[in-house]
$ cat work_24.tsv   # TSV, C-alpha atoms
chain	number	residue	atom	x	y	z
A	4	MET	CA	103.29	49.27	80.50
A	5	ILE	CA	106.72	47.71	79.97
A	6	LEU	CA	107.61	44.49	78.15
A	7	PHE	CA	110.72	43.11	79.86
A	8	PRO	CA	112.75	40.67	77.74
A	9	ALA	CA	114.33	38.00	79.93
A	10	ILE	CA	117.82	36.58	80.05
A	11	ASP	CA	118.07	33.55	82.32
A	12	LEU	CA	121.66	32.57	83.03
A	13	LYS	CA	122.83	28.99	83.54
A	14	ASP	CA	126.53	28.16	83.42
A	15	GLY	CA	127.24	31.48	81.71
A	16	LYS	CA	124.75	30.92	78.90
A	17	CYS	CA	121.36	32.38	78.05
A	18	VAL	CA	118.78	29.63	78.57
A	19	ARG	CA	115.09	29.01	79.22
A	20	LEU	CA	113.63	26.43	81.56
A	21	LYS	CA	110.29	24.67	81.63
A	22	LEU	CA	108.38	24.79	84.91
A	23	GLY	CA	111.52	25.88	86.74
A	24	ASP	CA	113.33	22.58	86.14
A	25	MET	CA	117.08	23.11	85.61
A	26	ALA	CA	117.29	19.79	83.75
A	27	THR	CA	115.05	21.20	80.99
A	28	ALA	CA	117.33	24.11	80.09
A	29	THR	CA	117.40	25.04	76.41
A	30	VAL	CA	120.38	27.16	75.38
A	31	TYR	CA	119.33	30.09	73.20
A	32	ASN	CA	122.53	32.12	73.15
A	33	GLU	CA	126.00	31.31	74.44
A	34	ASP	CA	126.76	35.05	74.60
A	35	PRO	CA	124.34	36.74	77.04
A	36	ALA	CA	125.93	40.14	76.46
A	37	ALA	CA	125.22	39.91	72.73
A	38	GLN	CA	121.64	38.92	73.54
A	39	ALA	CA	121.27	41.96	75.81
A	40	LYS	CA	122.50	44.26	73.02
A	41	ALA	CA	120.14	42.57	70.54
A	42	PHE	CA	117.16	43.26	72.81
A	43	GLU	CA	118.21	46.91	73.07
A	44	ASP	CA	118.56	47.18	69.29
A	45	GLN	CA	115.05	45.72	68.90
A	46	GLY	CA	113.66	48.63	70.89
A	47	PHE	CA	113.20	47.19	74.37
A	48	GLU	CA	113.79	49.67	77.17
A	49	TRP	CA	114.46	47.35	80.12
A	50	LEU	CA	116.12	43.99	80.72
A	51	HIS	CA	115.19	41.27	83.23
A	52	VAL	CA	118.04	38.95	84.21
A	53	VAL	CA	118.01	35.89	86.48
A	54	ASP	CA	121.07	34.03	87.75
A	55	LEU	CA	119.54	30.55	87.83
A	56	ASN	CA	122.61	28.89	89.33
A	57	GLY	CA	122.72	31.62	91.95
A	58	ALA	CA	119.08	31.10	92.88
A	59	PHE	CA	119.79	27.46	93.74
A	60	LYS	CA	123.18	28.06	95.38
A	61	GLY	CA	122.19	31.13	97.40
A	62	GLU	CA	124.96	33.33	96.04
A	63	SER	CA	125.84	34.94	92.72
A	64	VAL	CA	127.32	32.41	90.30
A	65	ASN	CA	127.04	34.11	86.88
A	66	ALA	CA	128.54	37.43	87.97
A	67	ALA	CA	130.90	37.58	85.00
A	68	SER	CA	128.02	37.21	82.53
A	69	VAL	CA	125.97	39.83	84.33
A	70	GLY	CA	128.93	42.21	84.27
A	71	ALA	CA	129.29	41.68	80.53
A	72	ILE	CA	125.56	42.36	80.07
A	73	LEU	CA	125.84	45.63	81.99
A	74	LYS	CA	128.67	46.74	79.71
A	75	ALA	CA	126.83	45.68	76.54
A	76	THR	CA	123.53	47.51	77.05
A	77	LYS	CA	122.51	51.01	77.99
A	78	ASN	CA	119.12	49.75	79.15
A	79	PRO	CA	118.37	49.53	82.88
A	80	VAL	CA	118.80	45.98	84.16
A	81	GLN	CA	117.03	44.24	87.04
A	82	LEU	CA	118.66	41.10	88.45
A	83	GLY	CA	117.48	38.29	90.69
A	84	GLY	CA	118.96	35.00	91.84
A	85	GLY	CA	121.09	34.36	94.91
A	86	ILE	CA	121.15	37.92	96.25
A	87	ARG	CA	120.43	37.59	99.95
A	88	THR	CA	122.48	40.08	102.00
A	89	LEU	CA	122.77	43.85	102.21
A	90	PRO	CA	126.45	43.82	101.12
A	91	GLN	CA	125.52	41.75	98.06
A	92	ILE	CA	122.74	44.20	97.22
A	93	GLU	CA	125.02	47.19	97.58
A	94	ASP	CA	127.74	45.55	95.51
A	95	TRP	CA	125.38	44.82	92.61
A	96	LEU	CA	123.86	48.28	92.64
A	97	ASP	CA	127.37	49.77	92.65
A	98	ARG	CA	128.14	47.68	89.56
A	99	GLY	CA	125.37	49.41	87.66
A	100	LEU	CA	122.16	47.47	88.20
A	101	ALA	CA	118.99	49.54	88.18
A	102	ARG	CA	117.16	47.14	90.49
A	103	VAL	CA	117.92	44.10	92.60
A	104	ILE	CA	115.20	41.44	92.90
A	105	LEU	CA	114.92	39.69	96.27
A	106	GLY	CA	113.06	36.37	96.32
A	107	THR	CA	114.01	33.72	98.87
A	108	VAL	CA	115.19	36.32	101.38
A	109	ALA	CA	111.82	38.08	101.14
A	110	VAL	CA	110.30	34.93	102.68
A	111	ARG	CA	113.14	34.12	105.07
A	112	ASP	CA	113.92	37.65	106.27
A	113	PRO	CA	111.32	40.30	105.34
A	114	ASP	CA	113.04	42.83	107.60
A	115	LEU	CA	116.14	42.68	105.42
A	116	VAL	CA	114.02	43.64	102.41
A	117	LYS	CA	112.64	46.61	104.34
A	118	GLN	CA	116.16	47.66	105.37
A	119	ALA	CA	117.30	47.44	101.76
A	120	CYS	CA	114.37	49.58	100.60
A	121	LYS	CA	115.37	52.29	103.07
A	122	ALA	CA	119.03	52.10	102.10
A	123	PHE	CA	118.41	52.01	98.34
A	124	PRO	CA	115.11	53.79	97.58
A	125	GLY	CA	113.40	52.73	94.37
A	126	ARG	CA	115.95	50.05	93.59
A	127	ILE	CA	114.60	46.99	95.40
A	128	ALA	CA	112.05	44.65	93.83
A	129	VAL	CA	110.55	41.52	95.36
A	130	GLY	CA	110.22	38.33	93.37
A	131	ILE	CA	107.25	36.20	94.36
A	132	ASP	CA	107.27	32.80	92.67
A	133	ALA	CA	104.19	30.66	93.23
A	134	LYS	CA	103.33	27.03	92.69
A	135	GLY	CA	99.77	25.99	93.40
A	136	GLY	CA	99.13	29.39	94.94
A	137	LYS	CA	101.93	29.03	97.52
A	138	VAL	CA	105.25	30.85	97.49
A	139	ALA	CA	108.29	28.81	96.38
A	140	VAL	CA	111.87	29.54	97.44
A	141	GLU	CA	115.45	28.37	96.86
A	142	GLY	CA	115.24	28.58	93.08
A	143	TRP	CA	111.71	27.11	93.14
A	144	ALA	CA	113.07	23.94	94.74
A	145	GLU	CA	111.13	24.37	98.00
A	146	ALA	CA	107.52	25.27	98.72
A	147	SER	CA	106.55	27.46	101.64
A	148	SER	CA	103.21	27.72	103.45
A	149	LEU	CA	102.85	31.40	102.54
A	150	GLY	CA	100.18	32.63	100.17
A	151	VAL	CA	101.15	35.11	97.47
A	152	ILE	CA	99.02	38.01	98.68
A	153	GLU	CA	99.94	37.26	102.30
A	154	LEU	CA	103.62	37.72	101.46
A	155	ALA	CA	103.08	40.77	99.27
A	156	LYS	CA	101.19	42.59	101.99
A	157	LYS	CA	104.19	42.30	104.31
A	158	PHE	CA	105.90	44.90	102.13
A	159	GLU	CA	103.13	47.49	101.86
A	160	GLY	CA	104.59	50.89	102.68
A	161	ALA	CA	108.16	49.57	102.74
A	162	GLY	CA	109.18	51.24	99.49
A	163	VAL	CA	109.39	48.14	97.27
A	164	ALA	CA	109.73	49.35	93.68
A	165	ALA	CA	107.91	46.39	92.14
A	166	ILE	CA	106.75	42.82	92.70
A	167	ILE	CA	107.66	40.32	90.00
A	168	TYR	CA	105.00	37.62	90.22
A	169	THR	CA	105.78	34.31	88.52
A	170	ASP	CA	103.37	31.41	88.17
A	171	ILE	CA	105.81	28.50	88.07
A	172	ASP	CA	103.18	26.17	86.65
A	173	ARG	CA	103.14	28.31	83.52
A	174	ASP	CA	106.77	29.32	83.24
A	175	GLY	CA	108.40	28.40	79.97
A	176	VAL	CA	105.46	26.37	78.62
A	177	LEU	CA	103.77	29.10	76.57
A	178	THR	CA	100.28	28.61	78.00
A	179	GLY	CA	99.62	32.28	78.65
A	180	ILE	CA	100.08	34.41	81.74
A	181	ASN	CA	97.90	33.68	84.76
A	182	TRP	CA	96.08	36.97	84.39
A	183	SER	CA	93.48	36.23	87.06
A	184	SER	CA	95.99	35.65	89.88
A	185	THR	CA	98.28	38.44	88.69
A	186	ILE	CA	95.49	41.02	88.60
A	187	ASP	CA	94.15	39.80	91.96
A	188	LEU	CA	97.60	40.48	93.41
A	189	ALA	CA	97.76	43.93	91.82
A	190	ASP	CA	94.31	44.71	93.25
A	191	ALA	CA	95.41	43.62	96.74
A	192	VAL	CA	98.50	45.82	97.09
A	193	SER	CA	99.63	49.29	96.10
A	194	ILE	CA	103.04	48.05	94.96
A	195	PRO	CA	103.45	47.89	91.15
A	196	VAL	CA	103.22	44.30	89.86
A	197	ILE	CA	105.06	42.74	86.92
A	198	ALA	CA	103.57	39.59	85.40
A	199	SER	CA	105.88	36.67	84.67
A	200	GLY	CA	105.52	33.08	83.51
A	201	GLY	CA	103.79	31.78	80.41
A	202	LEU	CA	103.58	34.80	78.12
A	203	ALA	CA	102.87	33.03	74.86
A	204	SER	CA	101.72	35.23	72.00
A	205	VAL	CA	100.59	38.62	70.80
A	206	ALA	CA	97.25	37.84	72.47
A	207	ASP	CA	99.01	38.22	75.83
A	208	ILE	CA	100.46	41.55	74.69
A	209	VAL	CA	96.98	42.77	73.76
A	210	ARG	CA	95.70	41.48	77.11
A	211	MET	CA	98.24	43.73	78.83
A	212	THR	CA	96.46	46.76	77.37
A	213	MET	CA	93.00	45.87	78.72
A	214	PRO	CA	91.62	48.22	81.41
A	215	ASP	CA	91.97	45.77	84.31
A	216	ALA	CA	95.61	45.03	83.42
A	217	ARG	CA	96.77	48.61	82.96
A	218	LYS	CA	97.55	48.86	86.67
A	219	LEU	CA	100.43	46.43	86.09
A	220	GLU	CA	103.91	47.80	85.50
A	221	GLY	CA	104.39	45.29	82.72
A	222	ALA	CA	105.17	41.68	81.87
A	223	ILE	CA	108.24	39.56	81.27
A	224	SER	CA	108.77	37.53	78.10
A	225	GLY	CA	111.35	34.83	77.52
A	226	ARG	CA	110.72	31.76	75.41
A	227	ALA	CA	108.07	33.42	73.21
A	228	LEU	CA	110.64	36.00	72.10
A	229	TYR	CA	113.39	33.46	71.55
A	230	ASP	CA	111.11	31.13	69.60
A	231	GLY	CA	109.79	33.95	67.43
A	232	ARG	CA	106.21	33.59	68.65
A	233	ILE	CA	106.23	37.31	69.44
A	234	ASP	CA	107.57	39.87	67.01
A	235	PRO	CA	109.32	42.58	69.06
A	236	GLU	CA	108.32	45.43	66.75
A	237	GLU	CA	104.66	44.38	66.72
A	238	ALA	CA	104.54	43.90	70.49
A	239	LEU	CA	106.21	47.21	71.29
A	240	THR	CA	103.96	49.03	68.82
A	241	ILE	CA	100.83	47.61	70.49
A	242	LEU	CA	102.02	48.78	73.90
A	243	ARG	CA	103.15	52.18	72.65
A	244	GLU	CA	99.81	52.83	70.95
A	245	ALA	CA	97.96	51.78	74.12
A	246	ARG	CA	100.04	54.23	76.15
A	247	ASN	CA	99.28	57.00	73.66
A	248	ARG	CA	95.55	56.29	73.83
A	249	SER	CA	95.56	56.45	77.61
A	250	GLY	CA	97.77	59.53	77.72
A	251	VAL	CA	100.49	57.73	79.70
A	252	GLN	CA	104.04	58.62	78.73
$ encode --input "work_24.tsv" --output "structure tokens"
Amino acid sequence: MILFPAIDLKDGKCVRLKLGDMATATVYNEDPAAQAKAFEDQGFEWLHVVDLNGAFKGESVNAASVGAILKATKNPVQLGGGIRTLPQIEDWLDRGLARVILGTVAVRDPDLVKQACKAFPGRIAVGIDAKGGKVAVEGWAEASSLGVIELAKKFEGAGVAAIIYTDIDRDGVLTGINWSSTIDLADAVSIPVIASGGLASVADIVRMTMPDARKLEGAISGRALYDGRIDPEEALTILREARNRSGVQ
């Protein structure tokens, strides 16, 4: 069970949004690379990064900031936002990313995702962002007619390393993760699922350790870490002790 700290990039700065609205961005750190190193020093073992401008534009916009992050931390980094072609995927993986997250293209061109999984085994994740139970695309600006589980099942057996499932209605508002929908998704597919959107307190960390949630790969935390609602040491200790009890390394 992994707790992924999040760095969302807008105009080269580390920000958080509310409900996916770019107009609500709160700047938490003007130096994303320093933030990445701080998360590593706090004991986190992974880093989740989103190029928000890229997600809306359909191409990488904050590449310089991502490059600085990769130089600043030894932790594996997964990146989403505006990555929509095989050459873009290859380029980012060559730059040192551990995983590329494909979102809009997973809806628009599922075959490309499958091709990428074959070309880069274990290094392709799918981001499924939902609003009202339907998948949203183009940086959450457009709704599709696809259901979350319907989309996820398209990638069964394709070699997707993980699905990052975000409930947009909860993102950045600290109301708690949508555990019901997230666990339903994890039950429906064999692909590891990462919960995202709304993680609010230590209660959510404890919830991650419950038997029905242990099938998840982990959860992503943004605003709750930046606002100090979650103490990194306490959260990581809870997860480490749960792993020890279950015998998982």
$ residues_around --input "work_24.tsv" --residues "Leu6 of chain A" --least-positions-apart "4" --cutoff "9 Å" --atoms "only C-alpha atoms" --output "list in words"
Phe47, Glu48, Trp49, Leu50, Ile208, Glu220, Gly221, Ala222, Ile223, Ser224, Ala238, Leu239 and Leu242 of chain A
$ write_last_selection --input "work_24.tsv" --atoms "C-alpha atoms" --output "PDB file, keeping the file's coordinate frame"
ATOM      1  CA  PHE A  47     113.200  47.190  74.370  1.00  0.00           C
ATOM      2  CA  GLU A  48     113.790  49.670  77.170  1.00  0.00           C
ATOM      3  CA  TRP A  49     114.460  47.350  80.120  1.00  0.00           C
ATOM      4  CA  LEU A  50     116.120  43.990  80.720  1.00  0.00           C
ATOM      5  CA  ILE A 208     100.460  41.550  74.690  1.00  0.00           C
ATOM      6  CA  GLU A 220     103.910  47.800  85.500  1.00  0.00           C
ATOM      7  CA  GLY A 221     104.390  45.290  82.720  1.00  0.00           C
ATOM      8  CA  ALA A 222     105.170  41.680  81.870  1.00  0.00           C
ATOM      9  CA  ILE A 223     108.240  39.560  81.270  1.00  0.00           C
ATOM     10  CA  SER A 224     108.770  37.530  78.100  1.00  0.00           C
ATOM     11  CA  ALA A 238     104.540  43.900  70.490  1.00  0.00           C
ATOM     12  CA  LEU A 239     106.210  47.210  71.290  1.00  0.00           C
ATOM     13  CA  LEU A 242     102.020  48.780  73.900  1.00  0.00           C
TER      14      LEU A 242
END
$ atom_distance --input "work_24.tsv" --atom1 "atom CA of Gly46 of chain A" --atom2 "atom CA of Ala216 of chain A"
22.3 Å
$ residues_near_point --input "work_24.tsv" --point "(103.0, 50.4, 89.7)" --cutoff "8 Å" --atoms "all atoms listed in the file" --output "PDB file with C-alpha atoms, keeping the file's coordinate frame"
ATOM      1  CA  ALA A 164     109.730  49.350  93.680  1.00  0.00           C
ATOM      2  CA  ALA A 165     107.910  46.390  92.140  1.00  0.00           C
ATOM      3  CA  SER A 193      99.630  49.290  96.100  1.00  0.00           C
ATOM      4  CA  ILE A 194     103.040  48.050  94.960  1.00  0.00           C
ATOM      5  CA  PRO A 195     103.450  47.890  91.150  1.00  0.00           C
ATOM      6  CA  VAL A 196     103.220  44.300  89.860  1.00  0.00           C
ATOM      7  CA  LYS A 218      97.550  48.860  86.670  1.00  0.00           C
ATOM      8  CA  LEU A 219     100.430  46.430  86.090  1.00  0.00           C
ATOM      9  CA  GLU A 220     103.910  47.800  85.500  1.00  0.00           C
TER      10      GLU A 220
END
$ residues_around --input "work_24.tsv" --residues "segment 65-70 of chain A" --least-positions-apart "5" --cutoff "8 Å" --atoms "only C-alpha atoms" --output "list in words"
Leu12, Lys13, Asp14, Gly15, Lys16, Pro35, Ala36, Val52, Asp54, Asn56, Gly57 and Arg98 of chain A
$ closest_residue --input "work_24.tsv" --among "A:Val151, A:Val192, A:Ile233, A:Leu228" --to "Val205 of chain A" --atoms "all atoms listed in the file"
A:Ile233
